[in-house]
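All remarks here apply to the structure that follows.
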Amino acid sequence: MSATAPLLDGISIEITARDAATLPTAASSLPAGTRVHVTHLGTEEPAARVEAAGAARSLGLVPVPHVAARRVPSEAALRQHLAALTMRDAHRRMFIIGGDPATPAGPYADAEALIRGDVLADHHVEEVGFAAYPEGHPAIASDVLWASLLRKQDAVRGAGMEGLVATQMSFDADAVLAWIAEARARGLELPIRVGVPGPASVARLVGFARRCGVSATASIAKKYGFSLTSLIGSAGPERLVGDLVHGLSPAVHGDVSLHLYTFGNLEASVDWIARAEALPA
């Protein structure tokens with residue numbers, strides 16, 4: 001059994017609607033029941049995200065469509081979107097984020113406002129996930145993040161739904177492990193999926209990290225295995241995942257698995273999962 005097996009058990013991957021074309025090929029190599037998150041980009045139409053989630057369901061995978069609360073123009077539009085997902089049996093697990101726009105397009109100021117509404121329950125959503133930020137958020141103070149995290153846990157439980165947390169991508173295993181330990185101490189009991197970058201070019205990894213406010217210092221980059229000065233070549237998450245494996249303690253960190261950001265290269269991420277599963281303990 002691979003040394004990474006505890007983290008790979010229940011792994012989830014994150015794609016965009018554009019990745020739906022390569023999903024049939026990838027599905028044959030993914031573990032049964034893999035969760036496929038379909039992110040909510042402002043550049044993709046709701047219908048395309050519905051089709052991607054439905055494709056995941058038809059391939060025997062578990063779709064987890066994202067909804068960015070501040071991008072939703074109205075409650076009616078949200079209900080229409082959930083009805084379309086229900087038609088594809090792709091509505092049971094949802095992931096709710098705040099979204100990038102500074103000004104909401106409709107009635108939902110943040111993820112919590114959407115979760116506390118009745119739309120998800122009305123459409124028989126069974127599980128709701130939401131995001132967390134182990135290395136902080138560029139626009140939200142730490143104390144606000146902690147308070148919001150626990151309120152969303154309470155909101156999901158109050159609605160009678162299961163919950164989970166998936167973290168923003170990180171390069172720093174020590175920061176992630178410390179954050180999980182603190183989250184548990186503060187009362188977060190939901191399963192946590194640690195966001196890690198799938199194989200990608202170094203330039204793309206660093207660009208994504210900087211846009212999200214993730215720390216990308218020279219020391220972390222060196223630990224992860226690439227140079228911030230050249231940005232040449234590609235990198236996979238082997239070192240990061242290895243550090244997580246060695247640092248995790250079930251008694252301290254609880255239920256933890258991986259959430260893999262695929263960066264538009266689903267095939268490379270699927271190949272990495274297959275290789276990781278085959279590694280000896």
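Chain labels follow the order of the structure tokens: the first chain is A, the next B, and so on; residue numbering restarts at 1 in every chain, and ligands are counted from 1 in their shown order.
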
For region 128-145 of chain A, work out the shell of residues within 6 Å, counting only C-alpha atoms and skipping chain neighbours fewer than 3 positions away, then give it as a PyMOL selection string.
chain A and resi 93-97+148+163-168+176+179+213

Keeping only all heavy atoms, write the selected residues as a short mmCIF file (atom, residue, chain, number, x, y, z; two decimals), in the first residue's frame.
data_model
loop_
_atom_site.label_atom_id
_atom_site.label_comp_id
_atom_site.auth_asym_id
_atom_site.auth_seq_id
_atom_site.Cartn_x
_atom_site.Cartn_y
_atom_site.Cartn_z
N ARG A 93 -24.29 16.94 -3.99
CA ARG A 93 -23.16 17.55 -3.29
C ARG A 93 -22.82 18.87 -3.97
O ARG A 93 -22.57 18.90 -5.18
CB ARG A 93 -21.95 16.62 -3.29
CG ARG A 93 -22.17 15.34 -2.48
CD ARG A 93 -21.04 14.35 -2.69
NE ARG A 93 -21.21 13.19 -1.85
CZ ARG A 93 -21.97 12.14 -2.14
NH1 ARG A 93 -22.65 12.13 -3.29
NH2 ARG A 93 -22.07 11.11 -1.33
N MET A 94 -22.79 19.94 -3.20
CA MET A 94 -22.49 21.26 -3.74
C MET A 94 -21.34 21.87 -2.94
O MET A 94 -21.12 21.53 -1.78
CB MET A 94 -23.71 22.18 -3.63
CG MET A 94 -24.96 21.68 -4.35
SD MET A 94 -24.82 21.71 -6.15
CE MET A 94 -24.63 23.46 -6.45
N PHE A 95 -20.63 22.78 -3.60
CA PHE A 95 -19.55 23.50 -2.94
C PHE A 95 -19.81 24.98 -3.12
O PHE A 95 -19.92 25.47 -4.25
CB PHE A 95 -18.20 23.11 -3.54
CG PHE A 95 -17.02 23.52 -2.71
CD1 PHE A 95 -16.59 22.73 -1.66
CD2 PHE A 95 -16.33 24.70 -2.98
CE1 PHE A 95 -15.49 23.11 -0.88
CE2 PHE A 95 -15.25 25.09 -2.22
CZ PHE A 95 -14.83 24.29 -1.15
N ILE A 96 -19.93 25.70 -2.00
CA ILE A 96 -20.33 27.10 -2.04
C ILE A 96 -19.16 27.99 -1.63
O ILE A 96 -18.59 27.82 -0.55
CB ILE A 96 -21.53 27.35 -1.11
CG1 ILE A 96 -22.63 26.30 -1.32
CG2 ILE A 96 -22.07 28.76 -1.33
CD1 ILE A 96 -23.20 26.26 -2.72
N ILE A 97 -18.81 28.91 -2.50
CA ILE A 97 -17.75 29.88 -2.20
C ILE A 97 -18.33 31.29 -2.29
O ILE A 97 -19.43 31.50 -2.84
CB ILE A 97 -16.55 29.75 -3.16
CG1 ILE A 97 -16.97 30.03 -4.60
CG2 ILE A 97 -15.92 28.37 -3.03
CD1 ILE A 97 -15.81 30.14 -5.56
N SER A 148 -16.16 32.99 10.34
CA SER A 148 -16.99 32.58 9.22
C SER A 148 -16.96 31.07 9.03
O SER A 148 -17.99 30.44 8.75
CB SER A 148 -16.52 33.29 7.95
OG SER A 148 -17.21 32.82 6.81
N GLY A 163 -21.32 18.13 5.76
CA GLY A 163 -20.45 19.21 5.36
C GLY A 163 -19.02 18.76 5.16
O GLY A 163 -18.62 17.68 5.63
N LEU A 164 -18.25 19.56 4.45
CA LEU A 164 -16.82 19.33 4.30
C LEU A 164 -16.14 20.65 4.02
O LEU A 164 -16.79 21.62 3.62
CB LEU A 164 -16.52 18.31 3.20
CG LEU A 164 -16.82 18.67 1.75
CD1 LEU A 164 -15.65 19.40 1.10
CD2 LEU A 164 -17.14 17.44 0.94
N VAL A 165 -14.84 20.66 4.22
CA VAL A 165 -14.03 21.85 3.97
C VAL A 165 -12.92 21.48 2.99
O VAL A 165 -12.26 20.45 3.17
CB VAL A 165 -13.42 22.39 5.27
CG1 VAL A 165 -12.42 23.50 4.99
CG2 VAL A 165 -14.50 22.87 6.22
N ALA A 166 -12.73 22.28 1.96
CA ALA A 166 -11.59 22.11 1.06
C ALA A 166 -10.77 23.39 1.12
O ALA A 166 -11.31 24.49 1.03
CB ALA A 166 -12.04 21.84 -0.37
N THR A 167 -9.47 23.24 1.30
CA THR A 167 -8.62 24.41 1.49
C THR A 167 -8.11 24.96 0.16
O THR A 167 -7.99 24.24 -0.83
CB THR A 167 -7.41 24.11 2.39
OG1 THR A 167 -6.47 23.31 1.68
CG2 THR A 167 -7.85 23.41 3.66
N GLN A 168 -7.80 26.24 0.18
CA GLN A 168 -7.12 26.86 -0.95
C GLN A 168 -5.77 26.18 -1.14
O GLN A 168 -5.20 25.63 -0.20
CB GLN A 168 -6.95 28.36 -0.67
CG GLN A 168 -6.29 29.13 -1.78
CD GLN A 168 -7.02 29.01 -3.09
OE1 GLN A 168 -6.76 28.07 -3.86
NE2 GLN A 168 -7.93 29.92 -3.38
N VAL A 176 -0.09 24.33 6.54
CA VAL A 176 -1.35 23.60 6.44
C VAL A 176 -1.59 22.77 7.69
O VAL A 176 -2.69 22.78 8.27
CB VAL A 176 -1.37 22.70 5.19
CG1 VAL A 176 -2.57 21.77 5.20
CG2 VAL A 176 -1.37 23.55 3.93
N TRP A 179 -2.49 24.94 10.58
CA TRP A 179 -3.84 25.47 10.44
C TRP A 179 -4.89 24.41 10.79
O TRP A 179 -5.86 24.71 11.50
CB TRP A 179 -4.07 25.98 9.02
CG TRP A 179 -5.46 26.50 8.81
CD1 TRP A 179 -5.88 27.78 9.02
CD2 TRP A 179 -6.61 25.76 8.40
NE1 TRP A 179 -7.22 27.88 8.77
CE2 TRP A 179 -7.69 26.66 8.38
CE3 TRP A 179 -6.82 24.43 8.04
CZ2 TRP A 179 -8.98 26.26 8.02
CZ3 TRP A 179 -8.10 24.02 7.69
CH2 TRP A 179 -9.16 24.94 7.67
N GLY A 213 -3.19 34.98 -3.33
CA GLY A 213 -2.61 35.45 -2.09
C GLY A 213 -1.84 34.40 -1.33
O GLY A 213 -1.48 34.59 -0.17
#

List the neighbours of Ser28 (chain A) out to 12 Å using only C-alpha atoms; skip same-chain residues closer than 6 positions along the sequence, and give me the result as a PyMOL selection string.
chain A and resi 22+34+56+59-61+267+270-271+274

Could you pull out all residues of region 88-268 of chain A with a DSSP call of strand (DSSP E or B) and give them as a ChimeraX atom specification?
/A:93-97,127-132,137,140,162-167,192-197,200-201,234-235,256-261

Quick one: write out the picked residues with C-alpha atoms as an mmCIF file, in the first residue's frame?
data_model
loop_
_atom_site.group_PDB
_atom_site.id
_atom_site.type_symbol
_atom_site.label_atom_id
_atom_site.label_comp_id
_atom_site.auth_asym_id
_atom_site.auth_seq_id
_atom_site.Cartn_x
_atom_site.Cartn_y
_atom_site.Cartn_z
ATOM 1 C CA ARG A 93 -23.158 17.552 -3.286
ATOM 2 C CA MET A 94 -22.492 21.257 -3.737
ATOM 3 C CA PHE A 95 -19.546 23.498 -2.935
ATOM 4 C CA ILE A 96 -20.332 27.096 -2.044
ATOM 5 C CA ILE A 97 -17.750 29.880 -2.199
ATOM 6 C CA GLU A 127 -23.803 17.739 1.382
ATOM 7 C CA VAL A 128 -22.368 21.245 1.288
ATOM 8 C CA GLY A 129 -18.681 22.066 1.149
ATOM 9 C CA PHE A 130 -17.000 25.411 1.610
ATOM 10 C CA ALA A 131 -13.525 26.872 1.384
ATOM 11 C CA ALA A 132 -10.806 27.610 3.930
ATOM 12 C CA HIS A 137 -6.852 35.523 2.423
ATOM 13 C CA ILE A 140 -10.136 39.048 4.672
ATOM 14 C CA GLU A 162 -23.392 16.876 5.694
ATOM 15 C CA GLY A 163 -20.446 19.213 5.358
ATOM 16 C CA LEU A 164 -16.819 19.325 4.301
ATOM 17 C CA VAL A 165 -14.028 21.853 3.966
ATOM 18 C CA ALA A 166 -11.586 22.110 1.064
ATOM 19 C CA THR A 167 -8.621 24.415 1.488
ATOM 20 C CA ILE A 192 -10.945 18.525 5.549
ATOM 21 C CA ARG A 193 -9.587 18.157 2.050
ATOM 22 C CA VAL A 194 -6.204 19.813 1.640
ATOM 23 C CA GLY A 195 -5.859 21.694 -1.624
ATOM 24 C CA VAL A 196 -2.646 20.818 -3.439
ATOM 25 C CA PRO A 197 -1.569 21.729 -6.964
ATOM 26 C CA ALA A 200 1.762 22.009 -13.868
ATOM 27 C CA SER A 201 4.341 24.422 -15.193
ATOM 28 C CA SER A 234 7.156 21.808 -14.296
ATOM 29 C CA ALA A 235 6.505 20.524 -10.796
ATOM 30 C CA VAL A 256 -7.986 14.677 6.159
ATOM 31 C CA SER A 257 -7.602 13.840 2.472
ATOM 32 C CA LEU A 258 -6.417 15.556 -0.717
ATOM 33 C CA HIS A 259 -8.108 17.983 -3.078
ATOM 34 C CA LEU A 260 -6.141 18.254 -6.329
ATOM 35 C CA TYR A 261 -6.252 21.384 -8.483
#

Between CA of Ala68 (chain A) and CA of His40 (chain A), measure the distance and give it in Å to one decimal.
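The value is 6.1 Å.
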
Of the listed residues A:Leu8, A:Ala147, A:Val64, A:Ala175, that which approaches Val38 (chain A) most closely, counting only C-alpha atoms:
A:Val64

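Closest approach to Gly254 (chain A) among A:Trp272, A:Ala181, A:Arg239, A:Glu51: A:Ala181, based on only C-alpha atoms.
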
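Candidate residues A:Leu23, A:Ala84, A:Ile13, A:Ala276 were compared for distance to His37 (chain A), and the nearest is A:Ile13, using only C-alpha atoms.
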
Residues of region 36-192 of chain A in alpha helix (DSSP H), written as a PyMOL selection string
chain A and resi 46-58+75-87+111-116+119-122+142-158+173-186

Between CA of Gly207 (chain A) and CA of Phe263 (chain A), measure the distance and give it in Å to one decimal.
11.3 Å

Give me the residues within 6 Å of Arg35 (chain A) as an MDAnalysis selection string, counting only C-alpha atoms and dropping any in the same chain fewer than 4 places off.
chainID A and resid 12 62:63

For the selection just defined, write its residues with C-alpha atoms to a file, as a PDB file, in the first residue's frame.
ATOM      1  CA  SER A  12     -11.189  14.982  -4.950  1.00  0.00           C
ATOM      2  CA  VAL A  62     -19.255  12.038  -7.959  1.00  0.00           C
ATOM      3  CA  PRO A  63     -19.981  15.561  -9.206  1.00  0.00           C
TER       4      PRO A  63
END

A:Ser74, A:Pro104, A:Leu7, A:Arg88: which is nearest Val119 (chain A), counting only C-alpha atoms?
A:Ser74

Contact residues around Thr16 (chain A) with only C-alpha atoms at 10 Å, ignoring same-chain residues under 6 positions, as a list in words:
Val36, His37, Val38, Thr39, His40, Leu41, Glu44, Ala48, Arg49, Ala52, Ala53, Pro65, His66, Thr262, Phe263, Gly264 and Leu266 of chain A

Pairwise distance, CA of Gly158 (chain A) with CA of Val72 (chain A), equals 22.8 Å
